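A.B. asks: Could you have a look at this structure, given as structure tokens, before my questions?
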Amino acid sequence: MSAIDVQGNWFRHYVMALLDEKDLPSEPDSQGDIAIYGQTSRGWLRVEGDPLRLHIFAAAAFEVPMTKATLSEINAVNAGDELVKVVIREGAVVVRLQLPAEAVTWDSLNLAMSRVLDVADHVGPLLTTVHGGQTAVDPVPLVWD
């Protein structure tokens with residue numbers, strides 16, 4: 001096992017321990033990613049290689065047509081938010097952020113997860129309502145009495 005693999009394994013367990021301390025789900029899937037959930041988005045935490053970092057990303061929407069108007073809206077989000085990056089590829093809209101391993105604490109992890117999911121929960125419904133497609137998770141309907 002290489003030094004990078006050892007460091008990555010240690011770092012993944014560190015991230016899992018941070019989540020465990022807050023009673024959040026921390027079990028990685030078959031690819032080693034840890035799932036996180038927004039209101040209409042689904043995201044993952046992924047430990048990546050050299051230099052060691054944590055990639056936080058969320059699927060905001062699928063089947064969104066790549067048009068000039070769609071790209072303009074995505075560019076507007078990217079211009080207004082220096083923390084996250086919104087990208088579209090083959091109709092999938094993804095919000096992402098990366099943290100260097102040495103910067104990961106509970107506070108930075110919580111901020112990063114919240115920011116990625118908040119942006120994905122905003123961008124997904126906006127793009128699918130205006131341009132078509134579907135959000136990663138169906139929104140829970142509000143019930144008014």
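By convention here, the chains of the structure tokens are called A, B, ... in the order presented, each chain's residues are numbered starting at 1, and ligands are numbered starting at 1 in the order presented.
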For Val84 in chain A, list every protein, DNA or RNA residue within 10 Å, evaluated using only C-alpha atoms, and leave out those in the same chain fewer than 2 positions away; present the list as a list in words.

C.D. replies: Ile56, Phe57, Val77, Asn78, Ala79, Gly80, Asp81, Glu82, Val86, Val87, Val95, Arg96, Leu97, Gln98, Ala112, Arg115, Val116, Val119 and Ala120 of chain A

A.B. asks: Can you tell me which residues surround Met16 in chain A at a distance of at most 12 Å, considering only C-alpha atoms, apart from same-chain residues fewer than 6 positions away, and format the answer as a CSV table (one decimal) with all heavy atoms, in the first residue's frame?

C.D. replies:
chain,number,residue,atom,x,y,z
A,9,ASN,N,-6.7,6.7,3.4
A,9,ASN,CA,-7.5,5.8,4.3
A,9,ASN,C,-7.6,6.5,5.6
A,9,ASN,O,-8.7,6.5,6.2
A,9,ASN,CB,-6.8,4.4,4.4
A,9,ASN,CG,-7.8,3.4,4.9
A,9,ASN,OD1,-9.0,3.4,4.7
A,9,ASN,ND2,-7.2,2.5,5.7
A,10,TRP,N,-6.5,7.0,6.2
A,10,TRP,CA,-6.6,7.7,7.4
A,10,TRP,C,-7.5,8.9,7.4
A,10,TRP,O,-8.3,9.1,8.3
A,10,TRP,CB,-5.2,8.1,7.8
A,10,TRP,CG,-5.2,8.9,9.1
A,10,TRP,CD1,-5.1,8.4,10.4
A,10,TRP,CD2,-5.4,10.3,9.3
A,10,TRP,NE1,-5.2,9.4,11.3
A,10,TRP,CE2,-5.4,10.6,10.7
A,10,TRP,CE3,-5.6,11.4,8.4
A,10,TRP,CZ2,-5.6,11.9,11.2
A,10,TRP,CZ3,-5.7,12.6,8.9
A,10,TRP,CH2,-5.7,12.9,10.3
A,22,LYS,N,-21.3,13.8,15.3
A,22,LYS,CA,-22.5,14.6,15.2
A,22,LYS,C,-23.7,13.7,14.9
A,22,LYS,O,-24.8,14.2,14.5
A,22,LYS,CB,-22.4,15.6,14.1
A,22,LYS,CG,-21.3,16.6,14.4
A,22,LYS,CD,-21.4,17.4,15.7
A,22,LYS,CE,-20.3,18.4,15.9
A,22,LYS,NZ,-20.4,19.1,17.1
A,23,ASP,N,-23.6,12.4,15.0
A,23,ASP,CA,-24.6,11.4,14.8
A,23,ASP,C,-25.2,11.5,13.4
A,23,ASP,O,-26.4,11.3,13.1
A,23,ASP,CB,-25.8,11.5,15.8
A,23,ASP,CG,-25.3,11.1,17.2
A,23,ASP,OD1,-24.5,10.1,17.3
A,23,ASP,OD2,-25.8,11.7,18.1
A,24,LEU,N,-24.3,11.8,12.4
A,24,LEU,CA,-24.7,11.8,11.0
A,24,LEU,C,-24.2,10.5,10.3
A,24,LEU,O,-23.2,9.9,10.7
A,24,LEU,CB,-24.0,13.0,10.3
A,24,LEU,CG,-24.5,14.4,10.8
A,24,LEU,CD1,-23.6,15.5,10.2
A,24,LEU,CD2,-25.9,14.6,10.5
A,25,PRO,N,-24.9,10.1,9.3
A,25,PRO,CA,-24.5,8.9,8.6
A,25,PRO,C,-23.1,9.1,8.0
A,25,PRO,O,-22.7,10.1,7.5
A,25,PRO,CB,-25.5,8.8,7.4
A,25,PRO,CG,-26.7,9.6,7.8
A,25,PRO,CD,-26.1,10.7,8.7
A,26,SER,N,-22.3,8.0,8.2
A,26,SER,CA,-20.9,8.1,7.8
A,26,SER,C,-20.3,6.9,7.1
A,26,SER,O,-19.1,6.9,6.8
A,26,SER,CB,-20.0,8.4,9.1
A,26,SER,OG,-20.1,7.2,9.9
A,27,GLU,N,-21.2,6.0,6.8
A,27,GLU,CA,-20.7,4.8,6.1
A,27,GLU,C,-20.5,5.0,4.6
A,27,GLU,O,-21.4,5.5,3.9
A,27,GLU,CB,-21.8,3.6,6.2
A,27,GLU,CG,-21.7,2.9,7.5
A,27,GLU,CD,-20.3,2.2,7.7
A,27,GLU,OE1,-19.8,1.6,6.8
A,27,GLU,OE2,-19.7,2.5,8.8
A,28,PRO,N,-19.3,4.7,4.1
A,28,PRO,CA,-19.1,4.9,2.7
A,28,PRO,C,-19.8,3.9,1.8
A,28,PRO,O,-20.0,2.8,2.3
A,28,PRO,CB,-17.5,4.8,2.6
A,28,PRO,CG,-17.1,4.1,3.8
A,28,PRO,CD,-18.1,4.3,4.8
A,32,GLY,N,-16.5,4.2,-1.9
A,32,GLY,CA,-15.8,4.9,-0.8
A,32,GLY,C,-16.4,6.3,-0.5
A,32,GLY,O,-15.8,7.0,0.3
A,33,ASP,N,-17.4,6.7,-1.2
A,33,ASP,CA,-18.1,8.0,-1.0
A,33,ASP,C,-19.1,7.9,0.1
A,33,ASP,O,-19.8,6.9,0.3
A,33,ASP,CB,-18.8,8.5,-2.3
A,33,ASP,CG,-17.8,8.6,-3.5
A,33,ASP,OD1,-16.6,8.8,-3.2
A,33,ASP,OD2,-18.3,8.6,-4.6
A,34,ILE,N,-19.2,9.0,0.8
A,34,ILE,CA,-20.2,9.1,1.9
A,34,ILE,C,-21.3,10.0,1.4
A,34,ILE,O,-21.1,11.2,1.0
A,34,ILE,CB,-19.5,9.7,3.2
A,34,ILE,CG1,-18.4,8.8,3.7
A,34,ILE,CG2,-20.6,9.9,4.3
A,34,ILE,CD1,-17.5,9.4,4.7
A,35,ALA,N,-22.6,9.5,1.5
A,35,ALA,CA,-23.7,10.2,1.0
A,35,ALA,C,-24.2,11.3,2.0
A,35,ALA,O,-24.1,11.1,3.2
A,35,ALA,CB,-24.9,9.3,0.7
A,45,LEU,N,-19.4,12.9,-0.2
A,45,LEU,CA,-18.0,13.3,0.3
A,45,LEU,C,-17.1,12.3,-0.3
A,45,LEU,O,-17.3,11.1,-0.1
A,45,LEU,CB,-18.0,13.4,1.8
A,45,LEU,CG,-19.0,14.1,2.6
A,45,LEU,CD1,-18.9,14.0,4.1
A,45,LEU,CD2,-19.0,15.6,2.2
A,46,ARG,N,-16.0,12.8,-0.9
A,46,ARG,CA,-15.0,11.9,-1.5
A,46,ARG,C,-13.6,12.3,-1.2
A,46,ARG,O,-13.3,13.5,-1.4
A,46,ARG,CB,-15.2,11.8,-3.0
A,46,ARG,CG,-14.2,11.0,-3.7
A,46,ARG,CD,-14.4,10.9,-5.2
A,46,ARG,NE,-15.6,10.2,-5.5
A,46,ARG,CZ,-16.2,10.3,-6.7
A,46,ARG,NH1,-15.8,11.1,-7.7
A,46,ARG,NH2,-17.4,9.6,-6.9
A,47,VAL,N,-12.8,11.4,-0.7
A,47,VAL,CA,-11.4,11.7,-0.4
A,47,VAL,C,-10.7,11.5,-1.7
A,47,VAL,O,-10.9,10.4,-2.4
A,47,VAL,CB,-10.9,10.8,0.7
A,47,VAL,CG1,-9.4,10.9,0.8
A,47,VAL,CG2,-11.6,11.1,2.0
A,54,LEU,N,-10.7,16.8,0.3
A,54,LEU,CA,-12.0,16.3,0.4
A,54,LEU,C,-12.9,17.0,-0.6
A,54,LEU,O,-12.9,18.2,-0.7
A,54,LEU,CB,-12.6,16.6,1.8
A,54,LEU,CG,-14.0,16.0,2.1
A,54,LEU,CD1,-14.0,14.5,2.0
A,54,LEU,CD2,-14.5,16.4,3.4
A,104,VAL,N,-9.6,20.6,7.0
A,104,VAL,CA,-10.9,19.9,7.4
A,104,VAL,C,-11.0,19.8,8.9
A,104,VAL,O,-10.2,19.1,9.5
A,104,VAL,CB,-11.0,18.5,6.7
A,104,VAL,CG1,-12.3,17.8,7.2
A,104,VAL,CG2,-11.1,18.7,5.2
A,105,THR,N,-12.0,20.5,9.4
A,105,THR,CA,-12.4,20.4,10.8
A,105,THR,C,-13.9,20.2,10.8
A,105,THR,O,-14.5,20.3,9.7
A,105,THR,CB,-12.1,21.6,11.6
A,105,THR,OG1,-12.8,22.7,11.0
A,105,THR,CG2,-10.6,22.0,11.6
A,106,TRP,N,-14.5,20.0,11.9
A,106,TRP,CA,-16.0,19.9,11.9
A,106,TRP,C,-16.6,21.2,11.3
A,106,TRP,O,-17.5,21.1,10.5
A,106,TRP,CB,-16.6,19.6,13.2
A,106,TRP,CG,-18.1,19.8,13.2
A,106,TRP,CD1,-18.8,20.7,13.8
A,106,TRP,CD2,-19.0,19.0,12.3
A,106,TRP,NE1,-20.1,20.7,13.4
A,106,TRP,CE2,-20.3,19.6,12.5
A,106,TRP,CE3,-18.9,18.0,11.5
A,106,TRP,CZ2,-21.4,19.2,11.8
A,106,TRP,CZ3,-20.0,17.5,10.8
A,106,TRP,CH2,-21.3,18.1,11.0
A,109,LEU,N,-16.0,21.4,7.5
A,109,LEU,CA,-16.8,20.4,6.9
A,109,LEU,C,-18.3,20.7,6.9
A,109,LEU,O,-19.0,20.6,5.8
A,109,LEU,CB,-16.6,19.0,7.5
A,109,LEU,CG,-17.4,17.8,7.0
A,109,LEU,CD1,-17.2,17.6,5.5
A,109,LEU,CD2,-17.1,16.6,7.8

A.B. asks: Need to verify the contact set: Asp121 in chain A, 7 Å, only C-alpha atoms, exclusion of same-chain residues closer than 4 positions in sequence. Can you return it as a ChimeraX atom specification?

C.D. replies: /A:38-41,60,117,125

A.B. asks: Keeping only N, CA and C atoms, write the selected residues to a file as a PDB file, in the first residue's frame.

C.D. replies:
ATOM      1  N   GLY A  38     -29.677  16.877   0.613  1.00  0.00           N
ATOM      2  CA  GLY A  38     -30.329  18.165   0.729  1.00  0.00           C
ATOM      3  C   GLY A  38     -31.824  17.975   0.580  1.00  0.00           C
ATOM      4  N   GLN A  39     -32.553  19.063   0.374  1.00  0.00           N
ATOM      5  CA  GLN A  39     -34.006  18.968   0.203  1.00  0.00           C
ATOM      6  C   GLN A  39     -34.369  18.410  -1.163  1.00  0.00           C
ATOM      7  N   THR A  40     -33.659  18.832  -2.201  1.00  0.00           N
ATOM      8  CA  THR A  40     -33.921  18.331  -3.557  1.00  0.00           C
ATOM      9  C   THR A  40     -32.644  17.810  -4.210  1.00  0.00           C
ATOM     10  N   SER A  41     -31.577  17.723  -3.459  1.00  0.00           N
ATOM     11  CA  SER A  41     -30.296  17.299  -4.007  1.00  0.00           C
ATOM     12  C   SER A  41     -29.738  16.123  -3.217  1.00  0.00           C
ATOM     13  N   ALA A  60     -27.554  18.484  -8.475  1.00  0.00           N
ATOM     14  CA  ALA A  60     -28.666  19.428  -8.324  1.00  0.00           C
ATOM     15  C   ALA A  60     -29.823  19.056  -9.241  1.00  0.00           C
ATOM     16  N   LEU A 117     -24.952  21.847  -0.532  1.00  0.00           N
ATOM     17  CA  LEU A 117     -26.357  21.404  -0.580  1.00  0.00           C
ATOM     18  C   LEU A 117     -27.312  22.583  -0.741  1.00  0.00           C
ATOM     19  N   PRO A 125     -33.984  23.217  -8.575  1.00  0.00           N
ATOM     20  CA  PRO A 125     -35.373  23.588  -8.875  1.00  0.00           C
ATOM     21  C   PRO A 125     -35.479  24.788  -9.816  1.00  0.00           C
TER      22      PRO A 125
END

A.B. asks: Pick out each residue of range 8-114 of chain A that DSSP on the backbone tags as helix (DSSP H, G or I); I need them as a compact mmCIF listing (two decimals) with all heavy atoms, in the first residue's frame.

C.D. replies:
# COMPACT_ATOMS: atom_id res chain seq x y z
N GLY A 8 -4.84 8.57 2.52
CA GLY A 8 -6.23 8.67 2.10
C GLY A 8 -7.14 7.86 3.00
O GLY A 8 -8.22 8.31 3.38
N ASN A 9 -6.71 6.66 3.37
CA ASN A 9 -7.50 5.80 4.25
C ASN A 9 -7.64 6.45 5.63
O ASN A 9 -8.72 6.48 6.22
CB ASN A 9 -6.85 4.42 4.36
CG ASN A 9 -7.78 3.40 4.94
OD1 ASN A 9 -8.99 3.45 4.72
ND2 ASN A 9 -7.22 2.45 5.67
N TRP A 10 -6.54 6.99 6.15
CA TRP A 10 -6.58 7.67 7.45
C TRP A 10 -7.52 8.87 7.38
O TRP A 10 -8.35 9.09 8.26
CB TRP A 10 -5.18 8.13 7.85
CG TRP A 10 -5.20 8.89 9.14
CD1 TRP A 10 -5.09 8.37 10.38
CD2 TRP A 10 -5.40 10.30 9.29
NE1 TRP A 10 -5.20 9.38 11.32
CE2 TRP A 10 -5.39 10.57 10.67
CE3 TRP A 10 -5.58 11.36 8.40
CZ2 TRP A 10 -5.56 11.85 11.18
CZ3 TRP A 10 -5.75 12.63 8.91
CH2 TRP A 10 -5.72 12.86 10.28
N PHE A 11 -7.39 9.67 6.31
CA PHE A 11 -8.21 10.87 6.17
C PHE A 11 -9.69 10.53 6.05
O PHE A 11 -10.54 11.19 6.63
CB PHE A 11 -7.72 11.67 4.96
CG PHE A 11 -8.43 12.99 4.78
CD1 PHE A 11 -8.60 13.88 5.83
CD2 PHE A 11 -8.93 13.34 3.53
CE1 PHE A 11 -9.26 15.09 5.65
CE2 PHE A 11 -9.57 14.55 3.34
CZ PHE A 11 -9.74 15.42 4.39
N ARG A 12 -10.03 9.48 5.29
CA ARG A 12 -11.43 9.04 5.17
C ARG A 12 -11.99 8.68 6.54
O ARG A 12 -13.11 9.06 6.88
CB ARG A 12 -11.53 7.84 4.22
CG ARG A 12 -12.96 7.36 4.01
CD ARG A 12 -13.07 6.24 2.98
NE ARG A 12 -12.66 6.70 1.66
CZ ARG A 12 -11.48 6.43 1.09
NH1 ARG A 12 -10.58 5.70 1.73
NH2 ARG A 12 -11.18 6.89 -0.10
N HIS A 13 -11.21 7.97 7.34
CA HIS A 13 -11.67 7.61 8.69
C HIS A 13 -11.81 8.84 9.59
O HIS A 13 -12.69 8.89 10.44
CB HIS A 13 -10.74 6.56 9.30
CG HIS A 13 -11.00 5.20 8.75
ND1 HIS A 13 -10.39 4.73 7.63
CD2 HIS A 13 -11.85 4.22 9.15
CE1 HIS A 13 -10.82 3.52 7.35
NE2 HIS A 13 -11.72 3.19 8.26
N TYR A 14 -10.95 9.82 9.40
CA TYR A 14 -11.06 11.07 10.14
C TYR A 14 -12.38 11.77 9.81
O TYR A 14 -13.10 12.22 10.71
CB TYR A 14 -9.86 11.98 9.82
CG TYR A 14 -10.00 13.39 10.35
CD1 TYR A 14 -9.93 13.66 11.72
CD2 TYR A 14 -10.20 14.45 9.48
CE1 TYR A 14 -10.05 14.96 12.20
CE2 TYR A 14 -10.31 15.75 9.94
CZ TYR A 14 -10.25 15.99 11.30
OH TYR A 14 -10.38 17.28 11.77
N VAL A 15 -12.71 11.86 8.52
CA VAL A 15 -13.97 12.48 8.10
C VAL A 15 -15.15 11.68 8.66
O VAL A 15 -16.12 12.27 9.17
CB VAL A 15 -14.05 12.59 6.55
CG1 VAL A 15 -15.43 13.03 6.11
CG2 VAL A 15 -12.98 13.55 6.04
N MET A 16 -15.09 10.37 8.61
CA MET A 16 -16.15 9.53 9.16
C MET A 16 -16.32 9.78 10.65
O MET A 16 -17.45 9.86 11.16
CB MET A 16 -15.86 8.05 8.88
CG MET A 16 -15.95 7.68 7.41
SD MET A 16 -15.24 6.05 7.01
CE MET A 16 -16.23 4.97 8.03
N ALA A 17 -15.21 9.94 11.37
CA ALA A 17 -15.27 10.21 12.82
C ALA A 17 -15.92 11.56 13.10
O ALA A 17 -16.71 11.69 14.05
CB ALA A 17 -13.88 10.14 13.43
N LEU A 18 -15.62 12.57 12.27
CA LEU A 18 -16.26 13.88 12.45
C LEU A 18 -17.78 13.75 12.29
O LEU A 18 -18.54 14.34 13.08
CB LEU A 18 -15.72 14.89 11.42
CG LEU A 18 -14.29 15.35 11.59
CD1 LEU A 18 -13.88 16.24 10.42
CD2 LEU A 18 -14.11 16.08 12.92
N LEU A 19 -18.22 13.00 11.30
CA LEU A 19 -19.66 12.80 11.09
C LEU A 19 -20.28 11.99 12.22
O LEU A 19 -21.37 12.31 12.70
CB LEU A 19 -19.90 12.12 9.74
CG LEU A 19 -19.50 12.93 8.51
CD1 LEU A 19 -19.52 12.05 7.27
CD2 LEU A 19 -20.38 14.15 8.33
N ASP A 20 -19.57 10.95 12.65
CA ASP A 20 -20.06 10.11 13.76
C ASP A 20 -20.28 10.93 15.03
O ASP A 20 -21.26 10.72 15.76
CB ASP A 20 -19.08 8.98 14.06
CG ASP A 20 -19.16 7.84 13.08
OD1 ASP A 20 -20.19 7.72 12.37
OD2 ASP A 20 -18.19 7.06 12.99
N GLU A 21 -19.36 11.87 15.31
CA GLU A 21 -19.49 12.70 16.51
C GLU A 21 -20.78 13.50 16.53
O GLU A 21 -21.28 13.85 17.59
CB GLU A 21 -18.30 13.66 16.62
CG GLU A 21 -17.01 13.01 17.04
CD GLU A 21 -15.86 14.00 17.10
OE1 GLU A 21 -16.09 15.23 17.07
OE2 GLU A 21 -14.71 13.53 17.18
N LYS A 68 -27.90 28.21 -24.22
CA LYS A 68 -27.25 29.47 -23.87
C LYS A 68 -27.86 30.05 -22.59
O LYS A 68 -27.15 30.53 -21.71
CB LYS A 68 -27.38 30.46 -25.03
CG LYS A 68 -26.63 31.73 -24.84
CD LYS A 68 -26.72 32.62 -26.07
CE LYS A 68 -25.98 33.91 -25.85
NZ LYS A 68 -26.04 34.79 -27.01
N ALA A 69 -29.17 29.95 -22.45
CA ALA A 69 -29.85 30.48 -21.26
C ALA A 69 -29.47 29.68 -20.01
O ALA A 69 -29.24 30.27 -18.94
CB ALA A 69 -31.36 30.45 -21.47
N THR A 70 -29.36 28.37 -20.13
CA THR A 70 -28.96 27.53 -18.99
C THR A 70 -27.54 27.89 -18.56
O THR A 70 -27.27 28.08 -17.37
CB THR A 70 -29.04 26.04 -19.36
OG1 THR A 70 -30.34 25.72 -19.79
CG2 THR A 70 -28.68 25.17 -18.17
N LEU A 71 -26.64 27.97 -19.53
CA LEU A 71 -25.25 28.31 -19.21
C LEU A 71 -25.14 29.70 -18.60
O LEU A 71 -24.33 29.93 -17.70
CB LEU A 71 -24.39 28.19 -20.47
CG LEU A 71 -24.22 26.77 -21.02
CD1 LEU A 71 -23.46 26.81 -22.33
CD2 LEU A 71 -23.55 25.87 -20.01
N SER A 72 -25.97 30.62 -19.07
CA SER A 72 -25.97 31.97 -18.51
C SER A 72 -26.36 31.95 -17.04
O SER A 72 -25.76 32.64 -16.21
CB SER A 72 -26.92 32.85 -19.32
OG SER A 72 -26.96 34.14 -18.79
N GLU A 73 -27.37 31.16 -16.70
CA GLU A 73 -27.79 31.07 -15.29
C GLU A 73 -26.72 30.41 -14.43
O GLU A 73 -26.45 30.85 -13.31
CB GLU A 73 -29.11 30.30 -15.19
CG GLU A 73 -30.22 31.02 -15.91
CD GLU A 73 -31.56 30.89 -15.25
OE1 GLU A 73 -31.62 30.89 -14.02
OE2 GLU A 73 -32.54 30.80 -15.99
N ILE A 74 -26.08 29.38 -14.95
CA ILE A 74 -25.01 28.72 -14.21
C ILE A 74 -23.83 29.68 -14.02
O ILE A 74 -23.26 29.76 -12.92
CB ILE A 74 -24.58 27.42 -14.92
CG1 ILE A 74 -25.69 26.37 -14.77
CG2 ILE A 74 -23.26 26.89 -14.36
CD1 ILE A 74 -25.48 25.12 -15.59
N ASN A 75 -23.49 30.42 -15.05
CA ASN A 75 -22.41 31.40 -14.94
C ASN A 75 -22.74 32.46 -13.90
O ASN A 75 -21.85 32.92 -13.17
CB ASN A 75 -22.11 32.04 -16.30
CG ASN A 75 -21.37 31.11 -17.22
OD1 ASN A 75 -20.75 30.15 -16.78
ND2 ASN A 75 -21.44 31.38 -18.52
N ALA A 76 -23.99 32.88 -13.83
CA ALA A 76 -24.40 33.88 -12.85
C ALA A 76 -24.21 33.36 -11.42
O ALA A 76 -23.75 34.08 -10.54
CB ALA A 76 -25.85 34.30 -13.08
N VAL A 77 -24.55 32.09 -11.20
CA VAL A 77 -24.36 31.49 -9.88
C VAL A 77 -22.86 31.44 -9.56
O VAL A 77 -22.44 31.81 -8.46
CB VAL A 77 -24.98 30.08 -9.80
CG1 VAL A 77 -24.62 29.40 -8.49
CG2 VAL A 77 -26.49 30.16 -9.95
N ASN A 78 -22.06 30.99 -10.52
CA ASN A 78 -20.62 30.90 -10.29
C ASN A 78 -19.99 32.27 -10.03
O ASN A 78 -19.09 32.39 -9.20
CB ASN A 78 -19.93 30.22 -11.48
CG ASN A 78 -20.17 28.73 -11.49
OD1 ASN A 78 -20.37 28.11 -10.46
ND2 ASN A 78 -20.16 28.15 -12.67
N ALA A 79 -20.47 33.29 -10.72
CA ALA A 79 -19.93 34.64 -10.52
C ALA A 79 -20.29 35.18 -9.14
O ALA A 79 -19.55 35.98 -8.57
CB ALA A 79 -20.45 35.58 -11.60
N GLY A 80 -21.41 34.74 -8.59
CA GLY A 80 -21.88 35.26 -7.31
C GLY A 80 -21.45 34.46 -6.10
O GLY A 80 -21.74 34.83 -4.97
N ALA A 101 -6.95 18.70 2.79
CA ALA A 101 -7.07 17.84 3.98
C ALA A 101 -6.73 18.60 5.26
O ALA A 101 -7.42 18.46 6.27
CB ALA A 101 -6.16 16.62 3.83
N GLU A 102 -5.70 19.43 5.21
CA GLU A 102 -5.28 20.13 6.43
C GLU A 102 -6.29 21.18 6.90
O GLU A 102 -6.22 21.65 8.03
CB GLU A 102 -3.89 20.76 6.26
CG GLU A 102 -3.80 21.79 5.16
CD GLU A 102 -3.48 21.21 3.78
OE1 GLU A 102 -3.51 19.98 3.59
OE2 GLU A 102 -3.22 22.02 2.87
N ALA A 103 -7.26 21.52 6.06
CA ALA A 103 -8.28 22.51 6.42
C ALA A 103 -9.56 21.88 6.97
O ALA A 103 -10.47 22.60 7.37
CB ALA A 103 -8.62 23.38 5.21
N TRP A 106 -14.53 19.98 11.92
CA TRP A 106 -15.99 19.88 11.88
C TRP A 106 -16.59 21.16 11.32
O TRP A 106 -17.49 21.12 10.49
CB TRP A 106 -16.60 19.55 13.24
CG TRP A 106 -18.09 19.76 13.17
CD1 TRP A 106 -18.81 20.74 13.78
CD2 TRP A 106 -19.01 19.04 12.34
NE1 TRP A 106 -20.13 20.66 13.38
CE2 TRP A 106 -20.28 19.62 12.50
CE3 TRP A 106 -18.89 17.96 11.47
CZ2 TRP A 106 -21.41 19.16 11.85
CZ3 TRP A 106 -20.03 17.49 10.82
CH2 TRP A 106 -21.26 18.10 11.01
N ASP A 107 -16.10 22.30 11.76
CA ASP A 107 -16.67 23.58 11.30
C ASP A 107 -16.53 23.76 9.79
O ASP A 107 -17.48 24.15 9.12
CB ASP A 107 -16.02 24.75 12.03
CG ASP A 107 -16.41 24.81 13.51
OD1 ASP A 107 -17.48 24.25 13.87
OD2 ASP A 107 -15.65 25.41 14.29
N SER A 108 -15.35 23.49 9.25
CA SER A 108 -15.17 23.66 7.80
C SER A 108 -15.97 22.62 7.02
O SER A 108 -16.54 22.94 5.96
CB SER A 108 -13.69 23.61 7.42
OG SER A 108 -13.13 22.33 7.66
N LEU A 109 -16.04 21.40 7.52
CA LEU A 109 -16.82 20.35 6.85
C LEU A 109 -18.30 20.70 6.86
O LEU A 109 -18.99 20.61 5.83
CB LEU A 109 -16.59 19.00 7.53
CG LEU A 109 -17.42 17.82 7.02
CD1 LEU A 109 -17.17 17.57 5.54
CD2 LEU A 109 -17.11 16.58 7.84
N ASN A 110 -18.81 21.14 7.99
CA ASN A 110 -20.22 21.51 8.11
C ASN A 110 -20.55 22.68 7.18
O ASN A 110 -21.57 22.66 6.48
CB ASN A 110 -20.54 21.85 9.56
CG ASN A 110 -22.01 22.07 9.79
OD1 ASN A 110 -22.85 21.36 9.24
ND2 ASN A 110 -22.33 23.06 10.60
N LEU A 111 -19.69 23.69 7.15
CA LEU A 111 -19.89 24.83 6.27
C LEU A 111 -19.89 24.38 4.80
O LEU A 111 -20.75 24.78 4.03
CB LEU A 111 -18.81 25.88 6.50
CG LEU A 111 -18.82 27.07 5.54
CD1 LEU A 111 -20.07 27.92 5.76
CD2 LEU A 111 -17.57 27.90 5.71
N ALA A 112 -18.93 23.55 4.44
CA ALA A 112 -18.82 23.10 3.04
C ALA A 112 -20.03 22.26 2.64
O ALA A 112 -20.59 22.46 1.55
CB ALA A 112 -17.53 22.31 2.86
N MET A 113 -20.43 21.31 3.47
CA MET A 113 -21.60 20.48 3.15
C MET A 113 -22.84 21.35 3.01
O MET A 113 -23.62 21.20 2.06
CB MET A 113 -21.83 19.41 4.22
CG MET A 113 -20.81 18.32 4.24
SD MET A 113 -21.21 16.94 5.36
CE MET A 113 -21.53 17.76 6.92
N SER A 114 -23.04 22.26 3.96
CA SER A 114 -24.21 23.14 3.94
C SER A 114 -24.23 24.00 2.69
O SER A 114 -25.26 24.15 2.04
CB SER A 114 -24.24 24.03 5.18
OG SER A 114 -24.38 23.26 6.34

A.B. asks: Using CA of Thr128 in chain A and CA of Arg89 in chain A as the two end points, give the distance in Å to one decimal.

C.D. replies: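 Separation of CA of Thr128 in chain A and CA of Arg89 in chain A: 14.8 Å.
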
A.B. asks: Pick out the closest residue to Tyr37 in chain A from this set: A:Glu63, A:Glu90, A:Asp50, A:Asp118. Count only C-alpha atoms.

C.D. replies: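 Selected residue with least distance to Tyr37 in chain A: A:Asp118.
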
A.B. asks: Near Ala61 in chain A, counting only C-alpha atoms, which residues have an atom at most 10 Å away, once you skip same-chain residues fewer than 2 positions from it, shown as a VMD selection string?

C.D. replies: chain A and resid 40 to 42 58 to 59 63 to 64 88 91 to 95 120 to 121 123 to 128 132 to 137

A.B. asks: Would you give me, as JSON, numbers by chain, the residues in range 13-145 of chain A that DSSP reads as strand (DSSP E)?

C.D. replies: {"A": [34, 35, 36, 37, 42, 43, 44, 45, 46, 47, 48, 53, 54, 55, 56, 57, 58, 59, 60, 61, 62, 85, 86, 87, 88, 89, 92, 93, 94, 95, 96, 97, 98, 99, 100, 134, 135]}

A.B. asks: Interatomic distance between CA of Arg53 in chain A and CA of Ser30 in chain A?

C.D. replies: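 About the pair CA of Arg53 in chain A and CA of Ser30 in chain A: they are 19.4 Å apart.
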
A.B. asks: What is the distance between CA of Trp44 in chain A and CA of Asp138 in chain A, in Å to one decimal?

C.D. replies: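 Going from CA of Trp44 in chain A over to CA of Asp138 in chain A, I get 17.6 Å.
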